[in-house]
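So the structure is just underneath, and the comments pick up after that.
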Amino acid sequence: MVHKIPIQSLYTFASPMIGDQTFVSTFNGLGLTSWRIINEQDIVQILPPGPNYRHVDTEQSFNSKGKVQQSISCCHALATYLSLIDPSLKPDVQCQLPAQIAAASLPTP
(Lines give C-alpha, C1' and ligand atoms only; values in the text may rest on other atoms or scores of the structure.)
Protein backbone atom coordinates (compact mmCIF):
# COMPACT_ATOMS: atom_id res chain seq x y z
CA MET A 1 0.00 0.00 0.00
CA VAL A 2 1.36 3.39 -0.99
CA HIS A 3 0.69 6.27 1.39
CA LYS A 4 0.75 9.71 -0.06
CA ILE A 5 1.29 12.66 2.21
CA PRO A 6 -0.22 15.85 0.81
CA ILE A 7 2.48 18.52 0.67
CA GLN A 8 1.17 22.05 0.85
CA SER A 9 4.36 23.98 1.52
CA LEU A 10 8.04 23.53 0.97
CA TYR A 11 10.97 25.47 2.43
CA THR A 12 14.48 24.85 1.17
CA PHE A 13 17.69 26.28 2.59
CA ALA A 14 20.93 26.78 0.65
CA SER A 15 19.71 24.93 -2.41
CA PRO A 16 21.67 24.76 -5.64
CA MET A 17 19.88 25.23 -8.94
CA ILE A 18 17.98 22.00 -9.37
CA GLY A 19 16.64 21.59 -12.86
CA ASP A 20 16.17 22.74 -16.39
CA GLN A 21 13.43 25.12 -17.53
CA THR A 22 10.94 22.26 -18.06
CA PHE A 23 11.47 20.98 -14.51
CA VAL A 24 11.19 24.48 -13.01
CA SER A 25 8.01 25.29 -14.97
CA THR A 26 6.43 21.99 -13.94
CA PHE A 27 7.40 22.44 -10.28
CA ASN A 28 6.21 26.05 -10.17
CA GLY A 29 2.89 24.90 -11.68
CA LEU A 30 2.18 22.44 -8.85
CA GLY A 31 0.49 25.11 -6.73
CA LEU A 32 2.72 24.57 -3.69
CA THR A 33 3.68 27.36 -1.36
CA SER A 34 7.43 27.16 -1.93
CA TRP A 35 10.14 29.30 -0.38
CA ARG A 36 13.78 29.07 -1.36
CA ILE A 37 15.83 30.60 1.47
CA ILE A 38 19.25 31.83 0.37
CA ASN A 39 22.23 33.61 1.86
CA GLU A 40 23.59 35.99 -0.78
CA GLN A 41 27.16 35.04 0.23
CA ASP A 42 26.55 31.29 -0.14
CA ILE A 43 28.24 30.02 -3.31
CA VAL A 44 26.00 26.93 -3.45
CA GLN A 45 23.06 29.02 -4.66
CA ILE A 46 24.87 29.67 -7.97
CA LEU A 47 25.81 26.03 -8.57
CA PRO A 48 25.99 24.10 -10.80
CA PRO A 49 27.32 26.53 -13.36
CA GLY A 50 25.89 26.55 -16.83
CA PRO A 51 22.89 27.78 -18.74
CA ASN A 52 20.73 24.65 -18.29
CA TYR A 53 20.07 24.95 -14.57
CA ARG A 54 17.44 27.14 -12.93
CA HIS A 55 15.97 27.86 -9.52
CA VAL A 56 12.34 27.32 -8.62
CA ASP A 57 10.21 30.16 -7.24
CA THR A 58 10.04 31.95 -4.67
CA GLU A 59 13.30 33.32 -3.27
CA GLN A 60 13.74 34.88 0.17
CA SER A 61 17.19 36.39 0.36
CA PHE A 62 19.33 37.11 3.43
CA ASN A 63 22.79 38.64 3.68
CA SER A 64 25.39 37.27 6.12
CA LYS A 65 28.05 39.88 5.36
CA GLY A 66 29.15 41.44 8.64
CA LYS A 67 27.27 38.79 10.62
CA VAL A 68 29.43 35.67 10.24
CA GLN A 69 32.91 34.71 9.06
CA GLN A 70 32.90 34.88 5.27
CA SER A 71 34.12 31.37 4.49
CA ILE A 72 32.42 28.90 2.18
CA SER A 73 31.48 26.61 5.05
CA CYS A 74 30.19 29.40 7.32
CA CYS A 75 28.12 31.01 4.57
CA HIS A 76 26.54 27.62 3.77
CA ALA A 77 25.99 26.37 7.33
CA LEU A 78 22.40 25.80 8.44
CA ALA A 79 23.15 27.53 11.76
CA THR A 80 24.10 30.64 9.77
CA TYR A 81 20.83 30.53 7.87
CA LEU A 82 18.84 30.07 11.07
CA SER A 83 20.66 32.98 12.75
CA LEU A 84 19.81 35.22 9.78
CA ILE A 85 16.13 34.32 10.05
CA ASP A 86 16.02 34.54 13.86
CA PRO A 87 18.61 36.92 15.37
CA SER A 88 18.13 35.32 18.81
CA LEU A 89 19.91 32.25 17.39
CA LYS A 90 23.68 32.27 16.94
CA PRO A 91 25.80 30.88 14.13
CA ASP A 92 28.22 28.06 14.91
CA VAL A 93 31.06 29.24 17.19
CA GLN A 94 33.70 28.87 14.46
CA CYS A 95 31.58 31.14 12.23
CA GLN A 96 30.95 33.90 14.73
CA LEU A 97 32.78 37.19 14.35
CA PRO A 98 35.30 38.11 17.08
CA ALA A 99 32.96 40.82 18.45
CA GLN A 100 30.15 38.27 18.80
CA ILE A 101 32.41 35.90 20.72
CA ALA A 102 33.63 38.69 22.99
CA ALA A 103 30.06 39.86 23.71
CA ALA A 104 29.01 36.32 24.55
CA SER A 105 31.82 35.99 27.11
CA LEU A 106 30.88 39.16 29.03
CA PRO A 107 29.40 38.52 32.48
CA THR A 108 25.70 39.15 32.76
CA PRO A 109 24.69 41.74 35.37
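By order of appearance in the C-alpha coordinates: chains A, B, ..., then residues from 1 within every chain, and ligands from 1 in the order shown.
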
When DSSP works through the backbone of this structure, what residues of chain A end up as helix (DSSP H, G or I), shown as a PDB file with all heavy atoms, in the first residue's frame?
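Resulting contents of out_2.pdb:
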```
ATOM      1  N   GLN A  21      14.620  24.278 -17.461  1.00  0.00           N
ATOM      2  CA  GLN A  21      13.428  25.119 -17.527  1.00  0.00           C
ATOM      3  C   GLN A  21      12.142  24.291 -17.483  1.00  0.00           C
ATOM      4  O   GLN A  21      11.163  24.698 -16.863  1.00  0.00           O
ATOM      5  CB  GLN A  21      13.447  25.996 -18.786  1.00  0.00           C
ATOM      6  CG  GLN A  21      12.329  27.017 -18.817  1.00  0.00           C
ATOM      7  CD  GLN A  21      12.360  27.955 -17.609  1.00  0.00           C
ATOM      8  OE1 GLN A  21      13.379  28.540 -17.295  1.00  0.00           O
ATOM      9  NE2 GLN A  21      11.245  28.079 -16.913  1.00  0.00           N
ATOM     10  N   THR A  22      12.131  23.115 -18.092  1.00  0.00           N
ATOM     11  CA  THR A  22      10.944  22.259 -18.063  1.00  0.00           C
ATOM     12  C   THR A  22      10.636  21.824 -16.635  1.00  0.00           C
ATOM     13  O   THR A  22       9.481  21.882 -16.190  1.00  0.00           O
ATOM     14  CB  THR A  22      11.142  21.020 -18.969  1.00  0.00           C
ATOM     15  OG1 THR A  22      11.400  21.470 -20.300  1.00  0.00           O
ATOM     16  CG2 THR A  22       9.931  20.114 -18.947  1.00  0.00           C
ATOM     17  N   PHE A  23      11.672  21.378 -15.908  1.00  0.00           N
ATOM     18  CA  PHE A  23      11.470  20.981 -14.510  1.00  0.00           C
ATOM     19  C   PHE A  23      10.936  22.142 -13.693  1.00  0.00           C
ATOM     20  O   PHE A  23       9.968  22.010 -12.935  1.00  0.00           O
ATOM     21  CB  PHE A  23      12.773  20.466 -13.894  1.00  0.00           C
ATOM     22  CG  PHE A  23      12.639  20.178 -12.423  1.00  0.00           C
ATOM     23  CD1 PHE A  23      12.190  18.944 -11.979  1.00  0.00           C
ATOM     24  CD2 PHE A  23      12.930  21.152 -11.471  1.00  0.00           C
ATOM     25  CE1 PHE A  23      12.038  18.679 -10.632  1.00  0.00           C
ATOM     26  CE2 PHE A  23      12.786  20.901 -10.122  1.00  0.00           C
ATOM     27  CZ  PHE A  23      12.334  19.667  -9.695  1.00  0.00           C
ATOM     28  N   VAL A  24      11.577  23.305 -13.800  1.00  0.00           N
ATOM     29  CA  VAL A  24      11.192  24.475 -13.007  1.00  0.00           C
ATOM     30  C   VAL A  24       9.752  24.887 -13.320  1.00  0.00           C
ATOM     31  O   VAL A  24       8.962  25.157 -12.410  1.00  0.00           O
ATOM     32  CB  VAL A  24      12.186  25.636 -13.232  1.00  0.00           C
ATOM     33  CG1 VAL A  24      11.676  26.936 -12.649  1.00  0.00           C
ATOM     34  CG2 VAL A  24      13.550  25.277 -12.627  1.00  0.00           C
ATOM     35  N   SER A  25       9.378  24.920 -14.586  1.00  0.00           N
ATOM     36  CA  SER A  25       8.006  25.292 -14.966  1.00  0.00           C
ATOM     37  C   SER A  25       6.997  24.296 -14.394  1.00  0.00           C
ATOM     38  O   SER A  25       5.945  24.690 -13.890  1.00  0.00           O
ATOM     39  CB  SER A  25       7.875  25.355 -16.483  1.00  0.00           C
ATOM     40  OG  SER A  25       8.667  26.381 -17.008  1.00  0.00           O
ATOM     41  N   THR A  26       7.318  23.014 -14.473  1.00  0.00           N
ATOM     42  CA  THR A  26       6.431  21.985 -13.935  1.00  0.00           C
ATOM     43  C   THR A  26       6.301  22.130 -12.421  1.00  0.00           C
ATOM     44  O   THR A  26       5.195  22.103 -11.875  1.00  0.00           O
ATOM     45  CB  THR A  26       6.943  20.581 -14.300  1.00  0.00           C
ATOM     46  OG1 THR A  26       7.034  20.484 -15.723  1.00  0.00           O
ATOM     47  CG2 THR A  26       6.030  19.498 -13.758  1.00  0.00           C
ATOM     48  N   PHE A  27       7.430  22.285 -11.740  1.00  0.00           N
ATOM     49  CA  PHE A  27       7.404  22.440 -10.284  1.00  0.00           C
ATOM     50  C   PHE A  27       6.603  23.679  -9.883  1.00  0.00           C
ATOM     51  O   PHE A  27       5.746  23.614  -9.010  1.00  0.00           O
ATOM     52  CB  PHE A  27       8.825  22.539  -9.724  1.00  0.00           C
ATOM     53  CG  PHE A  27       8.853  22.714  -8.232  1.00  0.00           C
ATOM     54  CD1 PHE A  27       8.838  21.616  -7.394  1.00  0.00           C
ATOM     55  CD2 PHE A  27       8.866  23.982  -7.663  1.00  0.00           C
ATOM     56  CE1 PHE A  27       8.832  21.764  -6.022  1.00  0.00           C
ATOM     57  CE2 PHE A  27       8.857  24.149  -6.287  1.00  0.00           C
ATOM     58  CZ  PHE A  27       8.844  23.040  -5.466  1.00  0.00           C
ATOM     59  N   ASN A  28       6.901  24.804 -10.516  1.00  0.00           N
ATOM     60  CA  ASN A  28       6.208  26.048 -10.168  1.00  0.00           C
ATOM     61  C   ASN A  28       4.716  25.965 -10.453  1.00  0.00           C
ATOM     62  O   ASN A  28       3.925  26.672  -9.834  1.00  0.00           O
ATOM     63  CB  ASN A  28       6.835  27.236 -10.902  1.00  0.00           C
ATOM     64  CG  ASN A  28       8.222  27.555 -10.399  1.00  0.00           C
ATOM     65  OD1 ASN A  28       8.617  27.188  -9.303  1.00  0.00           O
ATOM     66  ND2 ASN A  28       8.998  28.236 -11.224  1.00  0.00           N
ATOM     67  N   ILE A  43      27.910  30.370  -1.928  1.00  0.00           N
ATOM     68  CA  ILE A  43      28.241  30.017  -3.311  1.00  0.00           C
ATOM     69  C   ILE A  43      27.343  28.905  -3.856  1.00  0.00           C
ATOM     70  O   ILE A  43      27.119  28.819  -5.069  1.00  0.00           O
ATOM     71  CB  ILE A  43      29.735  29.637  -3.436  1.00  0.00           C
ATOM     72  CG1 ILE A  43      30.136  29.569  -4.910  1.00  0.00           C
ATOM     73  CG2 ILE A  43      30.039  28.351  -2.699  1.00  0.00           C
ATOM     74  CD1 ILE A  43      31.610  29.428  -5.141  1.00  0.00           C
ATOM     75  N   VAL A  44      26.807  28.063  -2.994  1.00  0.00           N
ATOM     76  CA  VAL A  44      26.004  26.927  -3.447  1.00  0.00           C
ATOM     77  C   VAL A  44      24.786  27.384  -4.253  1.00  0.00           C
ATOM     78  O   VAL A  44      24.367  26.710  -5.188  1.00  0.00           O
ATOM     79  CB  VAL A  44      25.589  26.034  -2.251  1.00  0.00           C
ATOM     80  CG1 VAL A  44      24.615  24.949  -2.680  1.00  0.00           C
ATOM     81  CG2 VAL A  44      26.823  25.414  -1.616  1.00  0.00           C
ATOM     82  N   GLN A  45      24.248  28.549  -3.940  1.00  0.00           N
ATOM     83  CA  GLN A  45      23.059  29.022  -4.657  1.00  0.00           C
ATOM     84  C   GLN A  45      23.314  29.283  -6.141  1.00  0.00           C
ATOM     85  O   GLN A  45      22.373  29.347  -6.930  1.00  0.00           O
ATOM     86  CB  GLN A  45      22.517  30.292  -4.000  1.00  0.00           C
ATOM     87  CG  GLN A  45      23.494  31.443  -4.130  1.00  0.00           C
ATOM     88  CD  GLN A  45      22.842  32.789  -4.053  1.00  0.00           C
ATOM     89  OE1 GLN A  45      21.715  32.956  -4.471  1.00  0.00           O
ATOM     90  NE2 GLN A  45      23.570  33.750  -3.520  1.00  0.00           N
ATOM     91  N   ILE A  46      24.570  29.427  -6.556  1.00  0.00           N
ATOM     92  CA  ILE A  46      24.867  29.673  -7.974  1.00  0.00           C
ATOM     93  C   ILE A  46      25.419  28.428  -8.670  1.00  0.00           C
ATOM     94  O   ILE A  46      25.895  28.504  -9.790  1.00  0.00           O
ATOM     95  CB  ILE A  46      25.832  30.869  -8.160  1.00  0.00           C
ATOM     96  CG1 ILE A  46      27.182  30.611  -7.492  1.00  0.00           C
ATOM     97  CG2 ILE A  46      25.190  32.149  -7.652  1.00  0.00           C
ATOM     98  CD1 ILE A  46      28.246  31.642  -7.836  1.00  0.00           C
ATOM     99  N   ILE A  72      33.409  29.713   2.897  1.00  0.00           N
ATOM    100  CA  ILE A  72      32.424  28.904   2.176  1.00  0.00           C
ATOM    101  C   ILE A  72      31.585  28.093   3.152  1.00  0.00           C
ATOM    102  O   ILE A  72      30.359  28.057   3.053  1.00  0.00           O
ATOM    103  CB  ILE A  72      33.113  27.988   1.136  1.00  0.00           C
ATOM    104  CG1 ILE A  72      33.701  28.851   0.015  1.00  0.00           C
ATOM    105  CG2 ILE A  72      32.141  26.953   0.572  1.00  0.00           C
ATOM    106  CD1 ILE A  72      34.555  28.094  -0.980  1.00  0.00           C
ATOM    107  N   SER A  73      32.234  27.468   4.125  1.00  0.00           N
ATOM    108  CA  SER A  73      31.484  26.612   5.053  1.00  0.00           C
ATOM    109  C   SER A  73      30.573  27.429   5.970  1.00  0.00           C
ATOM    110  O   SER A  73      29.451  27.019   6.239  1.00  0.00           O
ATOM    111  CB  SER A  73      32.420  25.725   5.865  1.00  0.00           C
ATOM    112  OG  SER A  73      33.311  26.508   6.631  1.00  0.00           O
ATOM    113  N   CYS A  74      31.027  28.582   6.441  1.00  0.00           N
ATOM    114  CA  CYS A  74      30.191  29.399   7.324  1.00  0.00           C
ATOM    115  C   CYS A  74      29.004  30.000   6.573  1.00  0.00           C
ATOM    116  O   CYS A  74      27.896  30.077   7.121  1.00  0.00           O
ATOM    117  CB  CYS A  74      31.010  30.508   7.978  1.00  0.00           C
ATOM    118  SG  CYS A  74      32.147  29.905   9.242  1.00  0.00           S
ATOM    119  N   CYS A  75      29.217  30.418   5.350  1.00  0.00           N
ATOM    120  CA  CYS A  75      28.122  31.007   4.567  1.00  0.00           C
ATOM    121  C   CYS A  75      27.075  29.970   4.176  1.00  0.00           C
ATOM    122  O   CYS A  75      25.929  30.317   3.918  1.00  0.00           O
ATOM    123  CB  CYS A  75      28.667  31.712   3.331  1.00  0.00           C
ATOM    124  SG  CYS A  75      29.544  33.240   3.725  1.00  0.00           S
ATOM    125  N   HIS A  76      27.460  28.693   4.158  1.00  0.00           N
ATOM    126  CA  HIS A  76      26.543  27.622   3.765  1.00  0.00           C
ATOM    127  C   HIS A  76      25.932  26.884   4.964  1.00  0.00           C
ATOM    128  O   HIS A  76      24.969  26.131   4.801  1.00  0.00           O
ATOM    129  CB  HIS A  76      27.273  26.621   2.859  1.00  0.00           C
ATOM    130  CG  HIS A  76      26.381  25.578   2.273  1.00  0.00           C
ATOM    131  ND1 HIS A  76      25.372  25.862   1.375  1.00  0.00           N
ATOM    132  CD2 HIS A  76      26.341  24.238   2.459  1.00  0.00           C
ATOM    133  CE1 HIS A  76      24.748  24.748   1.046  1.00  0.00           C
ATOM    134  NE2 HIS A  76      25.317  23.744   1.681  1.00  0.00           N
ATOM    135  N   LEU A  78      23.797  25.622   8.054  1.00  0.00           N
ATOM    136  CA  LEU A  78      22.402  25.804   8.438  1.00  0.00           C
ATOM    137  C   LEU A  78      22.270  26.733   9.639  1.00  0.00           C
ATOM    138  O   LEU A  78      21.351  27.553   9.707  1.00  0.00           O
ATOM    139  CB  LEU A  78      21.736  24.452   8.723  1.00  0.00           C
ATOM    140  CG  LEU A  78      20.251  24.518   9.086  1.00  0.00           C
ATOM    141  CD1 LEU A  78      19.437  25.208   7.985  1.00  0.00           C
ATOM    142  CD2 LEU A  78      19.718  23.132   9.365  1.00  0.00           C
ATOM    143  N   ALA A  79      23.205  26.636  10.590  1.00  0.00           N
ATOM    144  CA  ALA A  79      23.149  27.528  11.762  1.00  0.00           C
ATOM    145  C   ALA A  79      23.256  28.990  11.343  1.00  0.00           C
ATOM    146  O   ALA A  79      22.638  29.864  11.956  1.00  0.00           O
ATOM    147  CB  ALA A  79      24.255  27.170  12.757  1.00  0.00           C
ATOM    148  N   THR A  80      24.023  29.273  10.295  1.00  0.00           N
ATOM    149  CA  THR A  80      24.102  30.641   9.774  1.00  0.00           C
ATOM    150  C   THR A  80      22.750  31.059   9.232  1.00  0.00           C
ATOM    151  O   THR A  80      22.246  32.150   9.546  1.00  0.00           O
ATOM    152  CB  THR A  80      25.181  30.747   8.672  1.00  0.00           C
ATOM    153  OG1 THR A  80      26.463  30.513   9.255  1.00  0.00           O
ATOM    154  CG2 THR A  80      25.157  32.113   8.012  1.00  0.00           C
ATOM    155  N   TYR A  81      22.145  30.217   8.421  1.00  0.00           N
ATOM    156  CA  TYR A  81      20.825  30.530   7.870  1.00  0.00           C
ATOM    157  C   TYR A  81      19.814  30.785   8.985  1.00  0.00           C
ATOM    158  O   TYR A  81      19.057  31.748   8.943  1.00  0.00           O
ATOM    159  CB  TYR A  81      20.336  29.396   6.971  1.00  0.00           C
ATOM    160  CG  TYR A  81      20.859  29.490   5.558  1.00  0.00           C
ATOM    161  CD1 TYR A  81      22.136  29.062   5.228  1.00  0.00           C
ATOM    162  CD2 TYR A  81      20.071  30.022   4.550  1.00  0.00           C
ATOM    163  CE1 TYR A  81      22.618  29.157   3.932  1.00  0.00           C
ATOM    164  CE2 TYR A  81      20.543  30.122   3.245  1.00  0.00           C
ATOM    165  CZ  TYR A  81      21.814  29.690   2.949  1.00  0.00           C
ATOM    166  OH  TYR A  81      22.277  29.799   1.669  1.00  0.00           O
ATOM    167  N   LEU A  82      19.800  29.914   9.978  1.00  0.00           N
ATOM    168  CA  LEU A  82      18.837  30.067  11.066  1.00  0.00           C
ATOM    169  C   LEU A  82      19.081  31.357  11.847  1.00  0.00           C
ATOM    170  O   LEU A  82      18.135  32.027  12.267  1.00  0.00           O
ATOM    171  CB  LEU A  82      18.872  28.849  11.978  1.00  0.00           C
ATOM    172  CG  LEU A  82      18.442  27.539  11.306  1.00  0.00           C
ATOM    173  CD1 LEU A  82      18.598  26.368  12.265  1.00  0.00           C
ATOM    174  CD2 LEU A  82      17.022  27.628  10.767  1.00  0.00           C
ATOM    175  N   SER A  83      20.358  31.736  12.028  1.00  0.00           N
ATOM    176  CA  SER A  83      20.663  32.983  12.746  1.00  0.00           C
ATOM    177  C   SER A  83      20.267  34.213  11.928  1.00  0.00           C
ATOM    178  O   SER A  83      19.979  35.270  12.497  1.00  0.00           O
ATOM    179  CB  SER A  83      22.151  33.045  13.122  1.00  0.00           C
ATOM    180  OG  SER A  83      22.967  33.260  11.986  1.00  0.00           O
ATOM    181  N   LEU A  84      20.255  34.101  10.621  1.00  0.00           N
ATOM    182  CA  LEU A  84      19.811  35.216   9.780  1.00  0.00           C
ATOM    183  C   LEU A  84      18.295  35.385   9.851  1.00  0.00           C
ATOM    184  O   LEU A  84      17.783  36.500   9.830  1.00  0.00           O
ATOM    185  CB  LEU A  84      20.241  34.993   8.323  1.00  0.00           C
ATOM    186  CG  LEU A  84      21.749  34.997   8.071  1.00  0.00           C
ATOM    187  CD1 LEU A  84      22.047  34.559   6.642  1.00  0.00           C
ATOM    188  CD2 LEU A  84      22.357  36.358   8.373  1.00  0.00           C
ATOM    189  N   ILE A  85      17.595  34.280   9.962  1.00  0.00           N
ATOM    190  CA  ILE A  85      16.131  34.323  10.053  1.00  0.00           C
ATOM    191  C   ILE A  85      15.691  34.762  11.441  1.00  0.00           C
ATOM    192  O   ILE A  85      14.753  35.541  11.594  1.00  0.00           O
ATOM    193  CB  ILE A  85      15.543  32.942   9.713  1.00  0.00           C
ATOM    194  CG1 ILE A  85      15.793  32.635   8.238  1.00  0.00           C
ATOM    195  CG2 ILE A  85      14.058  32.869  10.033  1.00  0.00           C
ATOM    196  CD1 ILE A  85      15.504  31.213   7.862  1.00  0.00           C
ATOM    197  N   VAL A  93      29.994  28.478  16.536  1.00  0.00           N
ATOM    198  CA  VAL A  93      31.063  29.240  17.188  1.00  0.00           C
ATOM    199  C   VAL A  93      32.188  29.574  16.215  1.00  0.00           C
ATOM    200  O   VAL A  93      32.674  30.702  16.192  1.00  0.00           O
ATOM    201  CB  VAL A  93      31.610  28.473  18.418  1.00  0.00           C
ATOM    202  CG1 VAL A  93      32.835  29.155  18.986  1.00  0.00           C
ATOM    203  CG2 VAL A  93      30.537  28.340  19.477  1.00  0.00           C
ATOM    204  N   GLN A  94      32.600  28.620  15.393  1.00  0.00           N
ATOM    205  CA  GLN A  94      33.704  28.874  14.463  1.00  0.00           C
ATOM    206  C   GLN A  94      33.320  29.870  13.371  1.00  0.00           C
ATOM    207  O   GLN A  94      34.190  30.378  12.669  1.00  0.00           O
ATOM    208  CB  GLN A  94      34.245  27.576  13.848  1.00  0.00           C
ATOM    209  CG  GLN A  94      33.304  26.881  12.901  1.00  0.00           C
ATOM    210  CD  GLN A  94      32.366  25.902  13.563  1.00  0.00           C
ATOM    211  OE1 GLN A  94      32.142  25.936  14.765  1.00  0.00           O
ATOM    212  NE2 GLN A  94      31.793  25.012  12.780  1.00  0.00           N
ATOM    213  N   CYS A  95      32.043  30.186  13.246  1.00  0.00           N
ATOM    214  CA  CYS A  95      31.579  31.137  12.229  1.00  0.00           C
ATOM    215  C   CYS A  95      31.280  32.520  12.801  1.00  0.00           C
ATOM    216  O   CYS A  95      31.085  33.472  12.045  1.00  0.00           O
ATOM    217  CB  CYS A  95      30.332  30.598  11.535  1.00  0.00           C
ATOM    218  SG  CYS A  95      30.652  29.076  10.600  1.00  0.00           S
ATOM    219  N   PRO A  98      34.643  37.898  15.792  1.00  0.00           N
ATOM    220  CA  PRO A  98      35.297  38.112  17.085  1.00  0.00           C
ATOM    221  C   PRO A  98      34.458  38.955  18.051  1.00  0.00           C
ATOM    222  O   PRO A  98      34.411  38.664  19.242  1.00  0.00           O
ATOM    223  CB  PRO A  98      36.600  38.813  16.712  1.00  0.00           C
ATOM    224  CG  PRO A  98      36.893  38.334  15.328  1.00  0.00           C
ATOM    225  CD  PRO A  98      35.537  38.191  14.677  1.00  0.00           C
ATOM    226  N   ALA A  99      33.783  39.976  17.575  1.00  0.00           N
ATOM    227  CA  ALA A  99      32.960  40.822  18.448  1.00  0.00           C
ATOM    228  C   ALA A  99      31.797  40.027  19.057  1.00  0.00           C
ATOM    229  O   ALA A  99      31.431  40.252  20.199  1.00  0.00           O
ATOM    230  CB  ALA A  99      32.441  42.020  17.680  1.00  0.00           C
ATOM    231  N   GLN A 100      31.229  39.084  18.289  1.00  0.00           N
ATOM    232  CA  GLN A 100      30.150  38.267  18.799  1.00  0.00           C
ATOM    233  C   GLN A 100      30.639  37.347  19.907  1.00  0.00           C
ATOM    234  O   GLN A 100      29.981  37.152  20.925  1.00  0.00           O
ATOM    235  CB  GLN A 100      29.529  37.419  17.675  1.00  0.00           C
ATOM    236  CG  GLN A 100      28.830  38.198  16.626  1.00  0.00           C
ATOM    237  CD  GLN A 100      28.490  37.342  15.406  1.00  0.00           C
ATOM    238  OE1 GLN A 100      29.295  36.536  14.956  1.00  0.00           O
ATOM    239  NE2 GLN A 100      27.308  37.534  14.873  1.00  0.00           N
ATOM    240  N   ILE A 101      31.829  36.791  19.720  1.00  0.00           N
ATOM    241  CA  ILE A 101      32.410  35.902  20.724  1.00  0.00           C
ATOM    242  C   ILE A 101      32.722  36.666  21.986  1.00  0.00           C
ATOM    243  O   ILE A 101      32.435  36.227  23.094  1.00  0.00           O
ATOM    244  CB  ILE A 101      33.660  35.181  20.152  1.00  0.00           C
ATOM    245  CG1 ILE A 101      33.243  34.278  18.984  1.00  0.00           C
ATOM    246  CG2 ILE A 101      34.375  34.379  21.230  1.00  0.00           C
ATOM    247  CD1 ILE A 101      34.383  33.731  18.176  1.00  0.00           C
ATOM    248  N   ALA A 102      33.303  37.859  21.830  1.00  0.00           N
ATOM    249  CA  ALA A 102      33.635  38.687  22.991  1.00  0.00           C
ATOM    250  C   ALA A 102      32.386  39.076  23.754  1.00  0.00           C
ATOM    251  O   ALA A 102      32.345  39.029  24.990  1.00  0.00           O
ATOM    252  CB  ALA A 102      34.400  39.937  22.541  1.00  0.00           C
ATOM    253  N   ALA A 103      31.320  39.463  23.048  1.00  0.00           N
ATOM    254  CA  ALA A 103      30.060  39.863  23.706  1.00  0.00           C
ATOM    255  C   ALA A 103      29.448  38.694  24.443  1.00  0.00           C
ATOM    256  O   ALA A 103      28.901  38.855  25.536  1.00  0.00           O
ATOM    257  CB  ALA A 103      29.089  40.421  22.674  1.00  0.00           C
ATOM    258  N   ALA A 104      29.572  37.504  23.901  1.00  0.00           N
ATOM    259  CA  ALA A 104      29.008  36.324  24.547  1.00  0.00           C
ATOM    260  C   ALA A 104      29.755  35.941  25.823  1.00  0.00           C
ATOM    261  O   ALA A 104      29.201  35.322  26.718  1.00  0.00           O
ATOM    262  CB  ALA A 104      29.007  35.136  23.582  1.00  0.00           C
TER     263      ALA A 104
END
```

From A:Ser64, A:Val2, A:Pro48, A:Thr33, residue lying nearest Asp20 of chain A [only C-alpha atoms]: A:Pro48

Tyr53 of chain A environment, 7 Å, only C-alpha atoms, sequence neighbours closer than 5 positions dropped, as a count of residues only: 4

Gap from atom CA of Tyr11 of chain A to atom CA of Asn52 of chain A - Å, one decimal: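 Atom CA of Tyr11 of chain A sits 22.9 Å away from atom CA of Asn52 of chain A.
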
Got a sec to tell me which of segment 39-87 of chain A DSSP assigns to strand (DSSP E), as a PDB file with N, CA, C and O atoms, in the first residue's frame?
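Full text of result11.pdb as output:
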```pdb
ATOM      1  N   ASN A  39      21.291  32.640   1.318  1.00  0.00           N
ATOM      2  CA  ASN A  39      22.229  33.611   1.857  1.00  0.00           C
ATOM      3  C   ASN A  39      22.994  34.128   0.640  1.00  0.00           C
ATOM      4  O   ASN A  39      23.608  33.348  -0.084  1.00  0.00           O
ATOM      5  N   GLU A  59      12.076  33.099  -4.040  1.00  0.00           N
ATOM      6  CA  GLU A  59      13.298  33.324  -3.267  1.00  0.00           C
ATOM      7  C   GLU A  59      13.074  34.297  -2.116  1.00  0.00           C
ATOM      8  O   GLU A  59      12.419  35.316  -2.271  1.00  0.00           O
ATOM      9  N   GLN A  60      13.642  33.957  -0.963  1.00  0.00           N
ATOM     10  CA  GLN A  60      13.739  34.879   0.171  1.00  0.00           C
ATOM     11  C   GLN A  60      15.223  34.997   0.483  1.00  0.00           C
ATOM     12  O   GLN A  60      15.858  34.033   0.880  1.00  0.00           O
ATOM     13  N   SER A  61      15.751  36.177   0.280  1.00  0.00           N
ATOM     14  CA  SER A  61      17.190  36.389   0.361  1.00  0.00           C
ATOM     15  C   SER A  61      17.600  37.028   1.679  1.00  0.00           C
ATOM     16  O   SER A  61      16.928  37.944   2.169  1.00  0.00           O
ATOM     17  N   PHE A  62      18.713  36.542   2.233  1.00  0.00           N
ATOM     18  CA  PHE A  62      19.334  37.114   3.428  1.00  0.00           C
ATOM     19  C   PHE A  62      20.791  37.401   3.107  1.00  0.00           C
ATOM     20  O   PHE A  62      21.343  36.853   2.163  1.00  0.00           O
TER      21      PHE A  62
END
```

Of the listed residues A:Asp42, A:Asp57, A:Asp92, A:Asp86, that which approaches Ser71 of chain A most closely, counting only C-alpha atoms: A:Asp42

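The space separating atom CA of Lys65 of chain A from atom CA of Ser34 of chain A comes to 25.3 Å.
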
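When atom CA of Leu47 of chain A is paired with atom CA of Val68 of chain A, their separation reads 21.4 Å.
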
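Each of A:Leu89, A:Pro51, A:Thr12, A:Gln96 was checked against Gln69 of chain A using only C-alpha atoms; the smallest atom-to-atom distance is that of A:Gln96.
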